[in-house]
>>> print(open('run-v1.pdb').read())   # PDB, C-alpha atoms and all ligand atoms
ATOM      1  CA  MET A   1       0.000   0.000   0.000
ATOM      2  CA  PRO A   2       1.923   3.098  -1.200
ATOM      3  CA  ARG A   3       2.414   5.792   1.423
ATOM      4  CA  ILE A   4       1.831   9.371   0.286
ATOM      5  CA  VAL A   5       2.874  12.614   1.979
ATOM      6  CA  VAL A   6       1.355  15.876   0.723
ATOM      7  CA  LEU A   7       3.063  19.266   1.162
ATOM      8  CA  ALA A   8       0.907  22.413   0.971
ATOM      9  CA  SER A   9       1.381  26.059   1.960
ATOM     10  CA  GLY A  10      -2.030  27.647   1.536
ATOM     11  CA  ARG A  11      -5.705  27.092   0.982
ATOM     12  CA  GLY A  12      -5.333  23.404   0.230
ATOM     13  CA  SER A  13      -8.042  22.918  -2.383
ATOM     14  CA  LEU A  14      -5.763  20.534  -4.311
ATOM     15  CA  LEU A  15      -5.189  18.626  -1.079
ATOM     16  CA  GLN A  16      -8.955  18.523  -0.533
ATOM     17  CA  ALA A  17      -9.405  16.941  -3.974
ATOM     18  CA  LEU A  18      -6.947  14.202  -2.955
ATOM     19  CA  ILE A  19      -8.730  13.768   0.395
ATOM     20  CA  ASP A  20     -12.078  13.461  -1.381
ATOM     21  CA  SER A  21     -10.750  10.742  -3.707
ATOM     22  CA  PRO A  22      -9.756   7.102  -3.070
ATOM     23  CA  ILE A  23      -6.199   8.448  -2.588
ATOM     24  CA  ARG A  24      -7.215   9.486   0.939
ATOM     25  CA  SER A  25      -6.379   6.044   2.362
ATOM     26  CA  HIS A  26      -2.760   6.410   1.174
ATOM     27  CA  ILE A  27      -2.086   9.847   2.680
ATOM     28  CA  VAL A  28      -0.040   9.305   5.843
ATOM     29  CA  ALA A  29       0.687  12.970   6.595
ATOM     30  CA  VAL A  30       0.351  16.538   5.359
ATOM     31  CA  GLY A  31       3.240  18.947   5.895
ATOM     32  CA  SER A  32       3.489  22.693   5.541
ATOM     33  CA  ASP A  33       5.934  25.560   5.889
ATOM     34  CA  VAL A  34       3.055  27.743   7.174
ATOM     35  CA  ALA A  35       1.718  26.991  10.667
ATOM     36  CA  ASP A  36      -1.747  28.421  10.012
ATOM     37  CA  ALA A  37      -2.206  27.077   6.478
ATOM     38  CA  LYS A  38      -5.812  26.129   5.783
ATOM     39  CA  ALA A  39      -4.459  22.945   4.214
ATOM     40  CA  LEU A  40      -3.488  21.733   7.702
ATOM     41  CA  VAL A  41      -7.031  22.360   8.963
ATOM     42  CA  ARG A  42      -8.381  20.331   6.040
ATOM     43  CA  ALA A  43      -5.958  17.493   6.834
ATOM     44  CA  SER A  44      -6.833  17.457  10.538
ATOM     45  CA  ALA A  45     -10.536  17.485   9.704
ATOM     46  CA  ALA A  46      -9.925  14.367   7.631
ATOM     47  CA  GLY A  47      -8.023  12.699  10.495
ATOM     48  CA  ILE A  48      -4.626  12.969   8.780
ATOM     49  CA  ASP A  49      -1.447  13.681  10.769
ATOM     50  CA  THR A  50       0.173  17.051  10.109
ATOM     51  CA  PHE A  51       3.613  18.574  10.578
ATOM     52  CA  VAL A  52       5.045  22.065  10.134
ATOM     53  CA  VAL A  53       8.574  22.961   9.087
ATOM     54  CA  PRO A  54       8.705  26.767   9.280
ATOM     55  CA  VAL A  55      11.296  28.554   7.193
ATOM     56  CA  GLY A  56      13.773  30.516   9.289
ATOM     57  CA  PRO A  57      16.905  32.459   8.408
ATOM     58  CA  ASP A  58      18.972  29.273   8.070
ATOM     59  CA  ARG A  59      17.985  27.569   4.828
ATOM     60  CA  ARG A  60      20.299  24.624   5.469
ATOM     61  CA  ALA A  61      18.652  23.957   8.835
ATOM     62  CA  TRP A  62      15.249  24.001   7.089
ATOM     63  CA  ASN A  63      16.476  21.448   4.566
ATOM     64  CA  VAL A  64      17.737  19.184   7.343
ATOM     65  CA  GLU A  65      14.475  19.490   9.274
ATOM     66  CA  LEU A  66      12.319  18.869   6.201
ATOM     67  CA  THR A  67      14.464  15.898   5.181
ATOM     68  CA  GLY A  68      14.149  14.458   8.690
ATOM     69  CA  ALA A  69      10.385  14.912   8.768
ATOM     70  CA  LEU A  70       9.953  13.311   5.349
ATOM     71  CA  SER A  71      12.352  10.413   5.865
ATOM     72  CA  SER A  72      10.692   9.468   9.166
ATOM     73  CA  LEU A  73       7.435   9.103   7.212
ATOM     74  CA  ALA A  74       9.096   6.995   4.470
ATOM     75  CA  PRO A  75       6.764   8.122   1.672
ATOM     76  CA  ASP A  76       6.618   6.193  -1.598
ATOM     77  CA  LEU A  77       5.412   9.445  -3.168
ATOM     78  CA  THR A  78       5.642  13.059  -1.992
ATOM     79  CA  VAL A  79       3.150  15.454  -3.578
ATOM     80  CA  CYS A  80       3.651  19.225  -3.617
ATOM     81  CA  ALA A  81       0.085  20.517  -3.872
ATOM     82  CA  GLY A  82       0.371  24.276  -3.575
ATOM     83  CA  PHE A  83       3.693  24.089  -1.697
ATOM     84  CA  MET A  84       5.244  27.497  -2.323
ATOM     85  CA  ARG A  85       8.874  26.658  -1.478
ATOM     86  CA  VAL A  86      11.631  25.452  -3.755
ATOM     87  CA  ILE A  87      12.724  21.996  -2.624
ATOM     88  CA  ASP A  88      16.511  21.816  -2.556
ATOM     89  CA  SER A  89      18.381  18.975  -4.221
ATOM     90  CA  ASP A  90      19.649  17.592  -0.906
ATOM     91  CA  VAL A  91      16.049  17.208   0.318
ATOM     92  CA  ILE A  92      15.162  15.407  -2.936
ATOM     93  CA  ALA A  93      18.222  13.174  -2.564
ATOM     94  CA  GLY A  94      17.062  12.146   0.929
ATOM     95  CA  LEU A  95      13.720  10.848  -0.340
ATOM     96  CA  THR A  96      13.095   7.173  -0.988
ATOM     97  CA  GLY A  97      10.381   7.771  -3.597
ATOM     98  CA  PRO A  98       9.674  10.375  -6.272
ATOM     99  CA  ILE A  99       8.459  13.881  -5.485
ATOM    100  CA  ILE A 100       5.971  15.557  -7.818
ATOM    101  CA  ASN A 101       4.537  19.061  -8.083
ATOM    102  CA  SER A 102       1.377  20.570  -9.514
ATOM    103  CA  HIS A 103       1.968  23.891 -11.294
ATOM    104  CA  PRO A 104      -0.666  26.332 -12.647
ATOM    105  CA  ALA A 105       0.757  26.779 -16.181
ATOM    106  CA  LEU A 106       1.794  24.730 -19.190
ATOM    107  CA  LEU A 107       5.491  24.299 -18.420
ATOM    108  CA  PRO A 108       8.030  25.241 -19.629
ATOM    109  CA  ALA A 109       5.948  28.429 -20.023
ATOM    110  CA  PHE A 110       5.529  30.535 -16.897
ATOM    111  CA  PRO A 111       7.521  28.721 -14.181
ATOM    112  CA  GLY A 112       7.790  30.183 -10.674
ATOM    113  CA  ALA A 113       5.469  31.515  -8.019
ATOM    114  CA  HIS A 114       3.446  33.924 -10.215
ATOM    115  CA  ALA A 115       2.516  31.667 -13.117
ATOM    116  CA  VAL A 116      -1.122  32.744 -13.449
ATOM    117  CA  ASN A 117      -0.351  36.448 -13.417
ATOM    118  CA  ASP A 118       2.618  35.947 -15.744
ATOM    119  CA  ALA A 119       0.394  34.221 -18.335
ATOM    120  CA  LEU A 120      -2.144  37.076 -18.151
ATOM    121  CA  ALA A 121       0.537  39.770 -18.335
ATOM    122  CA  TYR A 122       2.101  38.070 -21.357
ATOM    123  CA  GLY A 123      -1.217  38.142 -23.181
ATOM    124  CA  ALA A 124      -1.289  34.367 -23.654
ATOM    125  CA  LYS A 125      -4.548  32.938 -25.000
ATOM    126  CA  VAL A 126      -4.056  29.497 -23.504
ATOM    127  CA  THR A 127      -2.433  28.409 -20.266
ATOM    128  CA  GLY A 128      -3.174  25.381 -18.103
ATOM    129  CA  CYS A 129      -1.604  23.119 -15.520
ATOM    130  CA  THR A 130       1.261  20.676 -15.320
ATOM    131  CA  VAL A 131       2.086  17.839 -12.969
ATOM    132  CA  HIS A 132       5.808  17.190 -13.076
ATOM    133  CA  VAL A 133       8.592  15.398 -11.267
ATOM    134  CA  VAL A 134      10.489  17.786  -8.987
ATOM    135  CA  ASP A 135      14.176  18.203  -9.775
ATOM    136  CA  ALA A 136      16.773  20.684  -8.532
ATOM    137  CA  GLY A 137      15.443  23.527 -10.717
ATOM    138  CA  VAL A 138      12.364  25.725 -10.401
ATOM    139  CA  ASP A 139       9.540  23.867 -12.199
ATOM    140  CA  THR A 140      12.035  22.245 -14.590
ATOM    141  CA  GLY A 141      11.485  18.534 -13.884
ATOM    142  CA  PRO A 142      10.121  15.961 -16.356
ATOM    143  CA  VAL A 143       6.451  16.463 -17.258
ATOM    144  CA  ILE A 144       4.007  13.754 -16.184
ATOM    145  CA  ALA A 145       0.713  15.258 -17.398
ATOM    146  CA  GLN A 146      -0.703  18.563 -18.665
ATOM    147  CA  GLN A 147      -4.090  20.081 -19.446
ATOM    148  CA  PRO A 148      -4.813  23.366 -21.282
ATOM    149  CA  VAL A 149      -7.142  26.095 -20.022
ATOM    150  CA  GLY A 150      -8.291  28.962 -22.276
ATOM    151  CA  ILE A 151      -7.761  32.548 -21.100
ATOM    152  CA  LEU A 152     -10.887  34.703 -21.444
ATOM    153  CA  GLY A 153     -10.841  38.393 -22.342
ATOM    154  CA  ASP A 154     -12.243  39.463 -18.982
ATOM    155  CA  ASP A 155     -10.117  37.126 -16.834
ATOM    156  CA  ASP A 156      -8.261  38.476 -13.842
ATOM    157  CA  GLU A 157      -5.763  36.466 -11.799
ATOM    158  CA  ALA A 158      -8.407  35.137  -9.402
ATOM    159  CA  SER A 159     -10.908  34.023 -12.049
ATOM    160  CA  LEU A 160      -8.238  32.416 -14.224
ATOM    161  CA  HIS A 161      -6.553  30.671 -11.286
ATOM    162  CA  GLU A 162      -9.877  29.239 -10.126
ATOM    163  CA  ARG A 163     -10.617  27.846 -13.619
ATOM    164  CA  ILE A 164      -7.105  26.384 -13.785
ATOM    165  CA  LYS A 165      -7.549  24.800 -10.351
ATOM    166  CA  GLN A 166     -10.803  23.141 -11.416
ATOM    167  CA  VAL A 167      -8.797  21.306 -14.095
ATOM    168  CA  GLU A 168      -5.722  20.916 -11.892
ATOM    169  CA  ARG A 169      -7.589  19.074  -9.121
ATOM    170  CA  VAL A 170      -8.825  16.436 -11.571
ATOM    171  CA  LEU A 171      -5.397  16.104 -13.210
ATOM    172  CA  LEU A 172      -3.526  15.726  -9.910
ATOM    173  CA  VAL A 173      -5.930  13.102  -8.556
ATOM    174  CA  ASP A 174      -5.655  11.197 -11.841
ATOM    175  CA  VAL A 175      -1.830  11.236 -11.760
ATOM    176  CA  VAL A 176      -1.655  10.120  -8.126
ATOM    177  CA  GLU A 177      -4.217   7.357  -8.747
ATOM    178  CA  LYS A 178      -2.135   6.088 -11.665
ATOM    179  CA  PHE A 179       0.983   6.199  -9.465
ATOM    180  CA  VAL A 180      -0.779   4.105  -6.823
ATOM    181  CA  GLU A 181      -1.961   1.582  -9.417
ATOM    182  CA  ARG A 182       1.177   1.277 -11.529
ATOM    183  CA  GLY A 183       4.126   3.245 -10.096
ATOM    184  CA  LEU A 184       6.202   5.773 -11.999
ATOM    185  CA  SER A 185       9.258   5.330 -14.231
ATOM    186  CA  VAL A 186      11.453   8.315 -15.018
ATOM    187  CA  ASN A 187      14.025   7.986 -17.789
ATOM    188  CA  GLY A 188      15.627  11.345 -18.555
ATOM    189  CA  ARG A 189      12.734  13.616 -19.649
ATOM    190  CA  SER A 190      10.490  10.639 -20.326
ATOM    191  CA  VAL A 191       7.965   9.668 -17.660
ATOM    192  CA  SER A 192       5.560   6.745 -17.745
ATOM    193  CA  PHE A 193       3.333   4.894 -15.329
ATOM    194  CA  GLY A 194       4.366   1.341 -14.612
TER     195      GLY A 194
HETATM  196  C1  LIG B   1      -2.319  25.596  -7.231
HETATM  197  O1  LIG B   1      -2.775  26.270  -8.371
HETATM  198  C2  LIG B   1      -0.892  25.141  -7.448
HETATM  199  O2  LIG B   1      -0.596  24.766  -8.741
HETATM  200  C3  LIG B   1      -0.136  26.365  -7.072
HETATM  201  O3  LIG B   1      -0.779  26.846  -5.924
HETATM  202  C4  LIG B   1      -2.163  26.546  -6.036
HETATM  203  C5  LIG B   1      -2.619  25.912  -4.742
HETATM  204  O4  LIG B   1      -3.994  26.016  -4.608
HETATM  205  N1  LIG B   1       1.247  26.069  -6.841
HETATM  206  C6  LIG B   1       2.220  26.856  -7.273
HETATM  207  O5  LIG B   1       2.028  27.912  -7.830
HETATM  208  C7  LIG B   1       3.602  26.346  -6.974
HETATM  209  N2  LIG B   1       4.578  27.080  -7.723
HETATM  210  P1  LIG B   1      -4.705  25.479  -3.285
HETATM  211  O6  LIG B   1      -3.985  26.096  -2.091
HETATM  212  O7  LIG B   1      -6.119  25.934  -3.422
HETATM  213  O8  LIG B   1      -4.558  23.980  -3.303
END
>>> encode(input="run-v1.pdb", output="structure tokens")
Amino acid sequence: MPRIVVLASGRGSLLQALIDSPIRSHIVAVGSDVADAKALVRASAAGIDTFVVPVGPDRRAWNVELTGALSSLAPDLTVCAGFMRVIDSDVIAGLTGPIINSHPALLPAFPGAHAVNDALAYGAKVTGCTVHVVDAGVDTGPVIAQQPVGILGDDDEASLHERIKQVERVLLVDVVEKFVERGLSVNGRSVSFG
């Protein structure tokens, strides 16, 4: 039975989609860098253990603490679902299983923390969401799955982000369900289930 840890910094609507799916039984803990993240409230309400690793001035200490918290949970899969911190390569190296991230744009377009606004500001007509393997870069890891979302003439950041998240929740649940059923193989930039 694969063990899944979810990391989230904010509202946690992606987490809620995982909780509301059959994936729930695999989630062993939810972690955050933000002590009062709504995601932690959602996890507790679902009876899932939570942990917080707050970011302080010492980035290396944060890496060590996050690595310790994750390795004690021994996840087969770690899911960044609205986790707004870059995961350093030494944290990734300490994990036993893959770590994946959901991003609100069609990578490699619009990486980083302001993807929705960046797509609007660019004047793009289509954006979307990407689930990808996390590597040492910022949103640069191999793509697992993507879905497009059209940008409407009257969209602002909030309306566009909400439409992206409607698609993103379905995509993330689908990817994690496939991982649970078949596992994940990563070969360079090529990713497949099974
Ligand atoms: C999601 O759109 C996710 O892709 C994004 O934060 C949102 C979380 O929503 N993550 C990033 O931008 C990471 N760079 P939620 O808090 O409602 O789940």
>>> residues_near_point(input="run-v1.pdb", point="(-5.9, 17.8, -4.6)", cutoff="8 Å", atoms="only C-alpha atoms", output="MDAnalysis selection string")
chainID A and resid 12:19 81 168:170 172:173
>>> residues_near_ligand(input="run-v1.pdb", ligand="ligand LIG 1 (chain B)", cutoff="7 Å", atoms="all atoms listed in the file", output="mmCIF file with C-alpha atoms, keeping the file's coordinate frame")
data_model
loop_
_atom_site.group_PDB
_atom_site.id
_atom_site.type_symbol
_atom_site.label_atom_id
_atom_site.label_comp_id
_atom_site.auth_asym_id
_atom_site.auth_seq_id
_atom_site.Cartn_x
_atom_site.Cartn_y
_atom_site.Cartn_z
ATOM 1 C CA ALA A 8 0.907 22.413 0.971
ATOM 2 C CA SER A 9 1.381 26.059 1.960
ATOM 3 C CA GLY A 10 -2.030 27.647 1.536
ATOM 4 C CA ARG A 11 -5.705 27.092 0.982
ATOM 5 C CA GLY A 12 -5.333 23.404 0.230
ATOM 6 C CA SER A 13 -8.042 22.918 -2.383
ATOM 7 C CA LEU A 14 -5.763 20.534 -4.311
ATOM 8 C CA LEU A 15 -5.189 18.626 -1.079
ATOM 9 C CA ALA A 81 0.085 20.517 -3.872
ATOM 10 C CA GLY A 82 0.371 24.276 -3.575
ATOM 11 C CA PHE A 83 3.693 24.089 -1.697
ATOM 12 C CA MET A 84 5.244 27.497 -2.323
ATOM 13 C CA SER A 102 1.377 20.570 -9.514
ATOM 14 C CA HIS A 103 1.968 23.891 -11.294
ATOM 15 C CA PRO A 104 -0.666 26.332 -12.647
ATOM 16 C CA GLY A 112 7.790 30.183 -10.674
ATOM 17 C CA ALA A 113 5.469 31.515 -8.019
ATOM 18 C CA HIS A 114 3.446 33.924 -10.215
ATOM 19 C CA ALA A 115 2.516 31.667 -13.117
ATOM 20 C CA HIS A 161 -6.553 30.671 -11.286
ATOM 21 C CA ILE A 164 -7.105 26.384 -13.785
ATOM 22 C CA LYS A 165 -7.549 24.800 -10.351
#
>>> axis_aligned_box(input="run-v1.pdb", around="region 44-58 of chain A", padding_each_side="6 Å", output="AutoDock Vina command-line options")
--center_x 4.2 --center_y 22.6 --center_z 9.0 --size_x 41.5 --size_y 31.8 --size_z 15.6
>>> resolve_selection(input="run-v1.pdb", expression="the PyMOL selection byres (((chain A and resi 144) around 6) and not hetatm)", output="ChimeraX atom specification")
/A:131-132,143,145,191
>>> atom_distance(input="run-v1.pdb", atom1="CA of Thr140 (chain A)", atom2="CA of Pro22 (chain A)")
28.9 Å
>>> closest_residue(input="run-v1.pdb", among="A:Val91, A:Gly150, A:Phe193, A:Pro2", to="Lys178 (chain A)", atoms="all atoms listed in the file")
A:Phe193
>>> resolve_selection(input="run-v1.pdb", expression="the PyMOL selection byres (((chain A and resi 76) around 6) and not hetatm)", output="PyMOL selection string")
chain A and resi 2-3+75+77+97
>>> write_last_selection(input="run-v1.pdb", atoms="C-alpha atoms", output="PDB file, keeping the file's coordinate frame")
ATOM      1  CA  PRO A   2       1.923   3.098  -1.200  1.00  0.00           C
ATOM      2  CA  ARG A   3       2.414   5.792   1.423  1.00  0.00           C
ATOM      3  CA  PRO A  75       6.764   8.122   1.672  1.00  0.00           C
ATOM      4  CA  LEU A  77       5.412   9.445  -3.168  1.00  0.00           C
ATOM      5  CA  GLY A  97      10.381   7.771  -3.597  1.00  0.00           C
TER       6      GLY A  97
END
>>> atom_distance(input="run-v1.pdb", atom1="CA of Thr78 (chain A)", atom2="CA of Leu95 (chain A)")
8.5 Å
>>> closest_residue(input="run-v1.pdb", among="A:Cys80, A:Arg182, A:Asp154, A:Ser159", to="Val133 (chain A)", atoms="all atoms listed in the file")
A:Cys80
>>> resolve_selection(input="run-v1.pdb", expression="the PyMOL selection byres (((chain A and resi 24-35) around 6) and not hetatm)", output="PyMOL selection string")
chain A and resi 3-9+19+21-23+36-37+48-54
>>> atom_distance(input="run-v1.pdb", atom1="CA of Ile92 (chain A)", atom2="CA of Asp135 (chain A)")
7.5 Å
>>> closest_residue(input="run-v1.pdb", among="A:Leu107, A:Asp20, A:Ala136, A:Val64", to="Ala46 (chain A)", atoms="all atoms listed in the file")
A:Asp20
>>> closest_residue(input="run-v1.pdb", among="A:Gly141, A:Pro111, A:Gly68, A:Gly153", to="Gly188 (chain A)", atoms="all atoms listed in the file")
A:Gly141
